[in-house]
Number of protein chains: 2
Amino acid sequence: MTDTPADLLAVADLVDARLEQVFETQRATWAAVDPRLVEAVDELARITRGGKRLRAGFCYWAWIGAAGDEKIGDRDDSAAIDACASFELLQAFALIHDDIMDDADTRRSEPTIHVEQAKRLEVEGWKGEPRRYGDGVAILVGDLSHVYADQLIGDASVQTRDLWNQLRIELNLGQYLDMRSAASGDFDRATAQRVATFKSALYTIVRPLQLGATLAGPATPDLLTGLDRYGRPAGQAFQLRDDLLGVLGDEARVGKPVGNDLREGKPTELVAVAVERASPSDRSTLDGIGRPDLSREQTLAIIDILQRTGAVAEIERRIDELVDQATRVADDLPFALGVRETLIVFANYVAARQH
Amino acid sequence: MTDTPADLLAVADLVDARLEQVFETQRATWAAVDPRLVEAVDELARITRGGKRLRAGFCYWAWIGAAGDEKIGDRDDSAAIDACASFELLQAFALIHDDIMDDADTRRSEPTIHVEQAKRLEVEGWKGEPRRYGDGVAILVGDLSHVYADQLIGDASVQTRDLWNQLRIELNLGQYLDMRSAASGDFDRATAQRVATFKSALYTIVRPLQLGATLAGPATPDLLTGLDRYGRPAGQAFQLRDDLLGVLGDEARVGKPVGNDLREGKPTELVAVAVERASPSDRSTLDGIGRPDLSREQTLAIIDILQRTGAVAEIERRIDELVDQATRVADDLPFALGVRETLIVFANYVAARQH
């Protein structure tokens with residue numbers, strides 16, 4: 001288990017404090033209008049707590065790097081911290097909506113909003129269908145988080161705002177492709193890589209870095225390209241690790257049942273490699289991927305194929321290569337040594353994290 | 001049946017052309033990456049077509065009024081048209097998400113996205129639960145529209161952007177209160193008025209007007225207050241007419257079954273007035289409001305109570321008063337005569353529209 005880097009924890013503290021201010025202001029504003037409105041803010045605050053603040057971390061350190069400073073604490077420009085925090089409200093928005101699509105029960109050790117609110121309808125004895133009500137509240141709380149995220153971006157430069165719009169479009173289209181591919185059974189490698197590029201490389205690493213760099217003033221095309229060249233392999237490694245954990249991970253640590261991604265039919269490179277290498281009889285076993293009623297026995301048979309075809313080993317090798325690649329690019333970035341080291345630590349962290 | 005005002009149709013043409021450009025650009029961009037992504041843009045374009053562009057209309061004419069001009073066509077500043085169009089993408093976002101919450105089948109004579117996409121899963125023989133897939137795609141397409149709306153607001157002034165953020169928060173919280181009240185059976189007048197203020201007065205009229213006024217340069221507090229004083233009664237009249245149509249409207253014209261709002265249990269002033277005036281036995285009949293299995297007989301019994309208690313007549317009187325009030329305020333706005341007349345026509349239009 002890899003410990004969370006100190007340079008990420010420090011950003012998380014700054015961002016958490018900012019988020020708490022946002023929620024407190026909103027609570028006070030709406031309590032004066034109608035106390036029932038505060039419930040929506042409370043639900044958002046509940047699910048926003050406890051994130052690792054990865055995207056805020058990348059945003060923050062690119063800002064420090066581009067500003068030519070390297071000590072956290074010396075720079076607490078509130079507009080930049082706001083922008084970092086906005087990534088975490090955007091992430092809350094994305095998670096709340098994704099959890100409806102996946103019908104996930106828990107998130108960050110809390111019951112998901114749609115599950116909690118469906119239960120509320122029943123407990124209160126209200127009218128209507130619990131599922132529809134729960135999903136409806138979760139859609140709205142997610143939408144509210146999206147607006148708060150945008151509000152925190154504030155009066156940003158055109159360059160910052162263009163990146164913000166771009167990454168939000170990529171986020172939604174990446175999720176669409178992910179969901180569509182899981183349904184249609186498009187398990188080819190190109191599709192898996194495209195989804196990973198949208199959701200993990202661009203949304204999680206490249207765009208937060210690039211946006212962070214613009215917070216220090218106009219960022220040059222060279223700097224933006226350099227951050228892209230670091231973020232893509234780091235993001236891909238992050239996704240590949242996530243794919244391995246989603247299939248093979250320790251239930252207690254990952255927080256979801258082993259083989260969960262197999263039942264959901266997530267398009268992953270891991271599965272794509274196995275499909276490419278599988279014998280005809282193994283292929284028919286792999287066809288079970290994406291079936292919600294996949295049995296434990298079938299799950300274990302699929303995992304066996306993933307191991308036996310060498311797909312797992314190939315993905316592990318690929319993660320190592322990608323982290324090496326990200327490390328080499330980070331070393332060449334026009335940032336102070338301390339910031340470059342932080343980015344190298346972050347690449348290793350996202351590629352190896354055990355939860 | 002009231003004809004759509006020419007000054008609204010003219011804005012609709014400008015806005016529709018701009019929306020088509022947005023969709024075309026997005027289609028071209030994403031077709032080059034992966035043709036499957038274009039499906040999300042196409043679904044959005046399908047459901048965005050055919051709106052009345054009310055919010056764009058209010059935004060446009062306040063802009064013209066504040067700019068001191070009064071002829072459409074003389075002013076086609078693209079940033080202002082973009083802002084008008086952004087209201088219609090925001091409205092598409094809100095409708096797509098509302099339609100999931102209400103499980104509505106059709107919207108603007110098209111099948112709703114969640115219904116269409118649930119059907120697609122079945123037709124294509126894809127894996128998963130049709131309802132979950134349909135709802136998931138609709139959530140994402142709505143989210144995408146929200147981002148496009150924000151993108152079109154563009155590099156706006158701080159005053160414009162503050163209004164934009166404010167109205168989006170009000171929109172989501174108003175919808176939350178609406179849905180929660182329908183479930184919990186809070187049919188009191190204060191709740192109905194609060195929902196109407198959020199969803200019809202502020203979101204549909206006041207904020208589009210205020211935002212439009214800021215597009216011509218900084219708007220004075222006096223002007224913003226004047227627009228608020230016009231928009232609140234006009235918006236309330238709009239909501240009251242909608243409430244009457246939702247219960248009593250001609251099915252063919254309104255496009256949804258008579259009594260639909262009763263089954264959904266929408267909190268309305270119409271029902272609140274009837275509840276206040278009802279005898280104990282009538283009250284127990286009114287308790288059926290919000291039951292999805294409400295029979296046609298029960299629906300007709302409730303409608304009879306709405307008529308018999310004089311609730312319908314009181315709401316009609318109230319609409320007349322509100323339109324008169326909006327008209328008086330419009331006359332005092334510091335706008336050219338032609339723009340003031342347009343706003344008076346619009347207030348009458350939203351209060352009397354038959355579909």
# chains A, B, ... in the order shown; residues from 1 in each chain; ligands from 1
$ closest_atom_pairs --of "chain B" --to "chain A" --cutoff "6 Å" --atoms "only C-alpha atoms" --output "JSON lines"
{"residue": "B:Met101", "atom": "CA", "partner": "A:Gly136", "partner_atom": "CA", "distance": 5.0}
{"residue": "B:Trp126", "atom": "CA", "partner": "A:Ser184", "partner_atom": "CA", "distance": 4.9}
{"residue": "B:Lys127", "atom": "CA", "partner": "A:Ala183", "partner_atom": "CA", "distance": 4.8}
{"residue": "B:Gly136", "atom": "CA", "partner": "A:Met101", "partner_atom": "CA", "distance": 5.0}
{"residue": "B:Ala183", "atom": "CA", "partner": "A:Lys127", "partner_atom": "CA", "distance": 4.8}
{"residue": "B:Ser184", "atom": "CA", "partner": "A:Trp126", "partner_atom": "CA", "distance": 4.9}
$ write_last_selection --atoms "C-alpha atoms" --output "PDB file, in the first residue's frame"
ATOM      1  CA  MET B 101     -37.474  12.680 -12.804  1.00  0.00           C
ATOM      2  CA  TRP B 126     -27.213  -4.720 -25.846  1.00  0.00           C
ATOM      3  CA  LYS B 127     -26.508  -5.810 -22.273  1.00  0.00           C
ATOM      4  CA  GLY B 136     -27.795   7.239 -17.858  1.00  0.00           C
ATOM      5  CA  ALA B 183     -43.305  13.462  -2.740  1.00  0.00           C
ATOM      6  CA  SER B 184     -43.986  14.702   0.788  1.00  0.00           C
TER       7      SER B 184
END
$ select_by_dssp --residues "segment 7-88 of chain B" --states "helix (DSSP H, G or I)" --output "PyMOL selection string"
chain B and resi 7-31+35-48+54-67+78-88
$ write_last_selection --atoms "C-alpha atoms" --output "mmCIF file, in the first residue's frame"
data_model
loop_
_atom_site.group_PDB
_atom_site.id
_atom_site.type_symbol
_atom_site.label_atom_id
_atom_site.label_comp_id
_atom_site.auth_asym_id
_atom_site.auth_seq_id
_atom_site.Cartn_x
_atom_site.Cartn_y
_atom_site.Cartn_z
ATOM 1 C CA ASP B 7 -40.780 39.729 -31.455
ATOM 2 C CA LEU B 8 -40.310 36.282 -29.960
ATOM 3 C CA LEU B 9 -40.280 34.481 -33.311
ATOM 4 C CA ALA B 10 -37.551 36.815 -34.545
ATOM 5 C CA VAL B 11 -35.328 35.995 -31.572
ATOM 6 C CA ALA B 12 -36.050 32.300 -32.006
ATOM 7 C CA ASP B 13 -34.698 32.460 -35.562
ATOM 8 C CA LEU B 14 -31.441 34.070 -34.443
ATOM 9 C CA VAL B 15 -31.028 31.621 -31.573
ATOM 10 C CA ASP B 16 -31.907 28.537 -33.612
ATOM 11 C CA ALA B 17 -29.265 29.435 -36.184
ATOM 12 C CA ARG B 18 -26.669 29.865 -33.443
ATOM 13 C CA LEU B 19 -27.585 26.551 -31.802
ATOM 14 C CA GLU B 20 -27.277 24.776 -35.124
ATOM 15 C CA GLN B 21 -23.745 26.191 -35.490
ATOM 16 C CA VAL B 22 -22.813 24.900 -32.035
ATOM 17 C CA PHE B 23 -24.070 21.421 -32.839
ATOM 18 C CA GLU B 24 -22.389 21.383 -36.251
ATOM 19 C CA THR B 25 -19.037 22.398 -34.775
ATOM 20 C CA GLN B 26 -19.307 19.766 -32.056
ATOM 21 C CA ARG B 27 -20.349 17.078 -34.535
ATOM 22 C CA ALA B 28 -17.360 17.830 -36.766
ATOM 23 C CA THR B 29 -14.949 17.905 -33.820
ATOM 24 C CA TRP B 30 -16.024 14.591 -32.324
ATOM 25 C CA ALA B 31 -16.683 12.706 -35.558
ATOM 26 C CA PRO B 35 -18.208 8.622 -34.589
ATOM 27 C CA ARG B 36 -19.995 7.095 -31.591
ATOM 28 C CA LEU B 37 -19.501 10.351 -29.686
ATOM 29 C CA VAL B 38 -21.604 12.222 -32.245
ATOM 30 C CA GLU B 39 -24.660 10.284 -31.061
ATOM 31 C CA ALA B 40 -24.670 12.307 -27.827
ATOM 32 C CA VAL B 41 -24.604 15.588 -29.773
ATOM 33 C CA ASP B 42 -27.358 14.347 -32.104
ATOM 34 C CA GLU B 43 -29.616 13.427 -29.194
ATOM 35 C CA LEU B 44 -29.152 16.883 -27.722
ATOM 36 C CA ALA B 45 -29.849 18.584 -31.065
ATOM 37 C CA ARG B 46 -33.004 16.495 -31.498
ATOM 38 C CA ILE B 47 -34.491 17.553 -28.166
ATOM 39 C CA THR B 48 -33.359 21.183 -28.380
ATOM 40 C CA LEU B 54 -38.968 32.339 -24.162
ATOM 41 C CA ARG B 55 -35.883 32.815 -22.003
ATOM 42 C CA ALA B 56 -33.804 33.876 -24.983
ATOM 43 C CA GLY B 57 -36.583 36.306 -25.881
ATOM 44 C CA PHE B 58 -36.547 38.019 -22.483
ATOM 45 C CA CYS B 59 -32.751 38.135 -22.492
ATOM 46 C CA TYR B 60 -32.659 39.617 -25.980
ATOM 47 C CA TRP B 61 -35.193 42.386 -25.420
ATOM 48 C CA ALA B 62 -33.659 43.489 -22.138
ATOM 49 C CA TRP B 63 -30.349 43.711 -23.964
ATOM 50 C CA ILE B 64 -31.921 45.811 -26.722
ATOM 51 C CA GLY B 65 -33.705 47.923 -24.103
ATOM 52 C CA ALA B 66 -30.567 48.508 -22.062
ATOM 53 C CA ALA B 67 -28.512 49.206 -25.182
ATOM 54 C CA SER B 78 -22.650 37.782 -31.584
ATOM 55 C CA ALA B 79 -21.725 37.690 -27.881
ATOM 56 C CA ALA B 80 -25.249 38.810 -26.965
ATOM 57 C CA ILE B 81 -26.879 36.269 -29.289
ATOM 58 C CA ASP B 82 -24.591 33.634 -27.769
ATOM 59 C CA ALA B 83 -25.852 34.536 -24.301
ATOM 60 C CA CYS B 84 -29.473 34.315 -25.482
ATOM 61 C CA ALA B 85 -28.756 30.913 -27.027
ATOM 62 C CA SER B 86 -27.100 29.723 -23.815
ATOM 63 C CA PHE B 87 -30.457 30.046 -22.042
ATOM 64 C CA GLU B 88 -31.934 27.573 -24.489
#
$ select_by_dssp --residues "segment 68-308 of chain A" --states "strand (DSSP E or B)" --output "MDAnalysis selection string"
chainID A and resid 72 75 106:107 110:111
$ atom_distance --atom1 "atom CA of Phe346 of chain B" --atom2 "atom CA of Ala190 of chain B"
26.1 Å
$ residues_around --residues "Glu321 of chain A" --least-positions-apart "3" --cutoff "12 Å" --atoms "only C-alpha atoms" --output "PyMOL selection string"
chain A and resi 233-234+236-237+240+314-318+324-328+347-348+351
$ atom_distance --atom1 "atom CA of Ser284 of chain B" --atom2 "atom CA of Leu244 of chain B"
21.2 Å
$ residues_around --residues "Gly246 of chain A" --least-positions-apart "4" --cutoff "7 Å" --atoms "only C-alpha atoms" --output "ChimeraX atom specification"
/A:242,258-261
$ atom_distance --atom1 "atom CA of Arg296 of chain A" --atom2 "atom CA of Ser200 of chain A"
28.6 Å
